[in-house]
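**Q** File name protein-v6.txt; file contents compact mmCIF, C-alpha atoms; full text below.
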```txt
# COMPACT_ATOMS: atom_id res chain seq x y z
CA ALA Z 1081 71.77 82.39 248.76
CA ASP Z 1082 71.80 86.16 248.14
CA ILE Z 1083 69.62 85.82 245.06
CA LEU Z 1084 67.20 83.43 246.76
CA ALA Z 1085 66.72 86.01 249.49
CA HIS Z 1086 64.68 87.91 246.88
CA LYS Z 1087 62.53 84.76 246.29
CA PRO Z 1088 62.06 84.98 242.52
CA ALA Z 1089 58.78 83.29 241.56
CA ARG Z 1090 60.41 81.30 238.77
CA ILE Z 1091 63.86 79.87 238.34
CA LEU Z 1092 65.32 78.13 235.29
CA VAL Z 1093 67.75 75.30 236.01
CA VAL Z 1094 69.72 73.99 233.04
CA ASP Z 1095 71.41 70.60 233.35
CA GLN Z 1096 74.53 70.05 231.22
CA LEU Z 1097 73.75 72.17 228.18
CA GLN Z 1098 76.71 72.27 225.78
CA ASP Z 1099 75.66 74.70 223.04
CA PRO Z 1100 76.32 78.38 223.84
CA HIS Z 1101 73.68 79.47 221.30
CA ASN Z 1102 71.04 77.41 223.11
CA LEU Z 1103 72.12 78.94 226.42
CA GLY Z 1104 71.96 82.44 224.94
CA ALA Z 1105 68.48 81.80 223.58
CA LEU Z 1106 67.38 80.45 226.98
CA LEU Z 1107 68.77 83.52 228.77
CA ARG Z 1108 66.98 85.82 226.35
CA THR Z 1109 63.68 83.97 226.79
CA ALA Z 1110 64.10 83.73 230.57
CA GLU Z 1111 64.54 87.49 230.82
CA ALA Z 1112 61.58 88.12 228.51
CA ALA Z 1113 59.34 85.66 230.42
CA GLY Z 1114 60.12 87.16 233.82
CA VAL Z 1115 62.27 84.34 235.19
CA GLY Z 1116 64.24 85.68 238.14
CA LEU Z 1117 67.30 83.41 238.11
CA VAL Z 1118 69.09 80.91 235.86
CA VAL Z 1119 71.11 78.13 237.51
CA LEU Z 1120 73.86 76.23 235.68
CA PRO Z 1121 76.28 73.53 236.83
CA LYS Z 1122 79.91 74.67 236.96
CA ASP Z 1123 81.17 71.48 235.29
CA ASN Z 1124 80.13 69.73 232.08
CA SER Z 1125 78.04 72.69 230.95
CA VAL Z 1126 78.54 75.72 228.81
CA GLY Z 1127 78.94 78.94 230.75
CA VAL Z 1128 77.96 82.46 229.79
CA THR Z 1129 80.54 82.77 227.02
CA ALA Z 1130 80.86 85.52 224.41
CA SER Z 1131 78.81 83.35 222.02
CA ALA Z 1132 76.08 82.85 224.62
CA GLU Z 1133 76.06 86.58 225.39
CA LYS Z 1134 75.73 87.41 221.70
CA ALA Z 1135 72.83 84.96 221.27
CA ALA Z 1136 71.18 86.42 224.40
CA ALA Z 1137 71.08 89.87 222.73
CA GLY Z 1138 71.83 91.71 225.98
CA ALA Z 1139 69.65 89.59 228.26
CA ALA Z 1140 72.72 87.90 229.80
CA MET Z 1141 73.50 91.21 231.50
CA ARG Z 1142 69.95 91.61 232.87
CA ILE Z 1143 69.26 88.21 234.43
CA PRO Z 1144 71.18 86.71 237.33
CA VAL Z 1145 73.04 83.49 236.53
CA ALA Z 1146 74.33 81.24 239.30
CA GLN Z 1147 76.82 78.46 238.64
CA VAL Z 1148 76.70 75.68 241.23
CA VAL Z 1149 78.93 72.72 242.03
CA ASN Z 1150 76.17 70.18 242.73
CA LEU Z 1151 72.89 70.62 240.85
CA ALA Z 1152 71.01 67.85 242.71
CA ARG Z 1153 71.91 69.41 246.07
CA THR Z 1154 70.88 72.84 244.78
CA LEU Z 1155 67.48 71.43 243.78
CA ARG Z 1156 67.04 70.03 247.31
CA GLU Z 1157 67.87 73.49 248.69
CA LEU Z 1158 65.30 75.05 246.36
CA LYS Z 1159 62.69 72.54 247.61
CA ASP Z 1160 63.56 73.50 251.19
CA ALA Z 1161 63.03 77.15 250.20
CA GLY Z 1162 59.49 76.35 249.00
CA TYR Z 1163 59.98 75.78 245.26
CA TRP Z 1164 58.27 73.05 243.26
CA ILE Z 1165 60.85 71.37 241.05
CA VAL Z 1166 59.37 70.76 237.60
CA GLY Z 1167 61.50 68.77 235.15
CA LEU Z 1168 61.00 68.51 231.41
CA SER Z 1169 61.36 64.99 230.08
CA ALA Z 1170 60.27 63.32 226.85
CA ARG Z 1171 59.57 60.19 228.96
CA ALA Z 1172 57.06 61.98 231.21
CA SER Z 1173 53.40 61.05 231.03
CA ALA Z 1174 51.98 64.42 232.16
CA ASP Z 1175 51.49 67.25 229.65
CA LEU Z 1176 53.24 70.58 230.23
CA PHE Z 1177 50.16 72.53 229.19
CA GLY Z 1178 47.80 70.73 231.55
CA PHE Z 1179 49.83 71.48 234.68
CA GLU Z 1180 48.67 74.20 237.06
CA PRO Z 1181 51.88 75.88 238.26
CA PRO Z 1182 52.34 76.66 241.94
CA ALA Z 1183 53.46 80.10 243.08
CA GLN Z 1184 57.18 79.22 243.15
CA VAL Z 1185 58.60 76.99 240.43
CA ALA Z 1186 62.06 75.88 239.40
CA VAL Z 1187 61.91 74.59 235.81
CA VAL Z 1188 64.62 72.00 235.15
CA LEU Z 1189 65.70 71.55 231.55
CA GLY Z 1190 68.18 68.94 230.38
CA GLY Z 1191 70.88 69.57 227.84
CA GLU Z 1192 71.31 67.70 224.62
CA GLU Z 1193 71.27 64.35 226.47
CA GLY Z 1194 68.29 65.17 228.70
CA LEU Z 1195 68.21 65.23 232.50
CA ARG Z 1196 70.76 63.26 234.47
CA ARG Z 1197 69.30 60.58 236.76
CA LEU Z 1198 70.16 62.31 240.07
CA VAL Z 1199 68.78 65.60 238.81
CA GLU Z 1200 65.59 63.94 237.55
CA GLN Z 1201 65.12 62.23 240.92
CA GLN Z 1202 64.96 65.65 242.62
CA CYS Z 1203 62.01 66.75 240.48
CA ASP Z 1204 58.59 66.88 242.14
CA VAL Z 1205 56.93 66.34 238.77
CA LEU Z 1206 58.10 65.51 235.25
CA LEU Z 1207 56.26 67.08 232.32
CA LYS Z 1208 56.56 66.67 228.58
CA VAL Z 1209 55.93 68.91 225.63
CA PRO Z 1210 53.22 67.16 223.60
CA MET Z 1211 54.53 66.13 220.19
CA GLU Z 1212 52.09 65.62 217.33
CA GLY Z 1213 54.50 65.29 214.43
CA ARG Z 1214 57.26 62.79 213.85
CA ALA Z 1215 59.94 64.77 215.69
CA GLU Z 1216 61.01 62.97 218.86
CA SER Z 1217 62.17 66.08 220.68
CA LEU Z 1218 62.63 69.81 220.43
CA ASN Z 1219 65.75 71.91 220.64
CA ALA Z 1220 66.55 72.64 224.31
CA SER Z 1221 65.99 76.37 223.91
CA VAL Z 1222 62.61 75.84 222.24
CA ALA Z 1223 61.42 73.35 224.88
CA GLY Z 1224 62.68 75.70 227.60
CA ALA Z 1225 60.85 78.67 226.08
CA LEU Z 1226 57.59 76.72 225.98
CA ALA Z 1227 58.03 75.68 229.62
CA MET Z 1228 58.94 79.15 230.87
CA TYR Z 1229 55.76 80.59 229.39
CA ALA Z 1230 53.50 77.62 230.19
CA LEU Z 1231 54.56 77.66 233.85
CA ARG Z 1232 53.90 81.34 234.45
CA PRO Z 1233 51.39 81.88 237.24
CA ARG Z 1234 47.88 81.86 235.82
CA ALA Z 1235 45.80 84.98 236.39
CA ARG Z 1236 43.11 84.19 238.90
CA HIS Z 1237 40.09 86.34 238.19
CA LYS Z 1238 37.18 86.39 240.59
CA PRO Z 1239 33.79 86.46 238.94
CA GLY Z 1240 31.93 89.53 239.63
```
Go ahead and express the file in the form of structure tokens.
**A**
Amino acid sequence: ADILAHKPARILVVDQLQDPHNLGALLRTAEAAGVGLVVLPKDNSVGVTASAEKAAAGAAMRIPVAQVVNLARTLRELKDAGYWIVGLSARASADLFGFEPPAQVAVVLGGEEGLRRLVEQQCDVLLKVPMEGRAESLNASVAGALAMYALRPRARHKPG
């Protein structure tokens, strides 16, 4: 609640990630991409361990991380606070790069097993990273990095 009082434009929500190196890479990218908060579940997820901190190369100390008991409820609270909940899913039909992000976005990224059903149900939209090769999916930290940059607010220039 204290962090949301500052209304960061973008939030990264990570659902059940197990690999501390992936978490560290996500924290590093989140800080570099201007994400204002990272949300993790308290249970069944890696926390900000020494390995995650090392992989984050100092970013873990510069970005707020909130651990929550119920991720689905937290997503509902973010919706109530005005955030669009955007989930990444390989099963989605809409392309990540064709989506026009709203002003306030919470990007939801699944762990190694993807998004849990109750978490996915809280998403306003599901987007996928387009895959042209034979790979079925990307590493969670790579997919998250693409989403954090793709969902940055677009510059709106007025002709003139």
**Q** Counting all atoms listed in the file, which residue out of Z:Ala1085, Z:Met1211, Z:Ile1091, Z:Ala1223 sits closest to Leu1155 in chain Z?
**A**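 Nearest to Leu1155 in chain Z: Z:Ile1091.
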**Q** Extract, using all atoms listed in the file, all DNA, RNA and protein residues at most 9 Å from range 1174-1181 of chain Z, discarding same-chain residues fewer than 2 positions from it, and format them as number ranges by chain.
**A** Z: 1164, 1168, 1172, 1183-1185, 1205-1210, 1226-1227, 1230-1234
**Q** At a cut-off of 9 Å, using all atoms listed in the file, what residues contact Asp1095 in chain Z? Leave out same-chain residues fewer than 2 positions from it and give the result as a list in words.
**A**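 In the requested format, the answer is Val1093, Leu1097, Val1119, Leu1120, Pro1121, Asn1124, Ser1125, Leu1151, Val1188, Leu1189, Gly1190, Gly1191, Gly1194, Leu1195, Arg1196 and Val1199 of chain Z.
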**Q** Choose the residue, out of Z:Ala1186, Z:Val1094, Z:Pro1144, Z:Glu1192, that has the smallest atom-to-atom separation from Ala1161 in chain Z; count only C-alpha atoms.
**A** Z:Ala1186
**Q** Let me have the centre and edge lengths of the axis-aligned box enclosing all listed atoms of range 1185-1192 of chain Z with 6 Å padding on every side, in Å to one decimal, as JSON.
**A**
```
{"center_x": 65.0, "center_y": 72.3, "center_z": 232.5, "size_x": 24.7, "size_y": 21.3, "size_z": 27.8}
```
**Q** For Ala1215 in chain Z, which residue among Z:Ala1146, Z:Ala1170, Z:Glu1193, Z:Leu1084 is the nearest when counting only C-alpha atoms?
**A**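 Looking at the shortest contact to Ala1215 in chain Z, the residue is Z:Ala1170.
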**Q** For a quick check of your reading of the model, name the residues lying within 9 Å of the coordinate (65.9, 84.8, 224.6), counting all atoms listed in the file, and write them as an MDAnalysis selection string.
**A** chainID Z and resid 1103:1113 1135:1137 1139 1221 1225
**Q** Between CA of Arg1090 in chain Z and CA of Leu1117 in chain Z, what distance in Å does the model show, to one decimal?
**A**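 Computing the Euclidean distance for CA of Arg1090 in chain Z and CA of Leu1117 in chain Z yields 7.2 Å.
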**Q** Distance CA of Leu1092 in chain Z-CA of Ala1152 in chain Z, one decimal place?
**A**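 Separation between CA of Leu1092 in chain Z and CA of Ala1152 in chain Z: 13.9 Å.
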**Q** As an exercise, work out the distance from CA of Arg1197 in chain Z to CA of Gly1162 in chain Z in Å and give it to one decimal place.
**A** 22.2 Å
**Q** Go through Z:Glu1200, Z:Thr1154, Z:Lys1159, Z:Gly1116 one by one, measure the shortest atom-to-atom distance of each to His1086 in chain Z using all atoms listed in the file, and give the residue with the smallest value.
**A**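 Smallest distance to His1086 in chain Z is found for Z:Gly1116.
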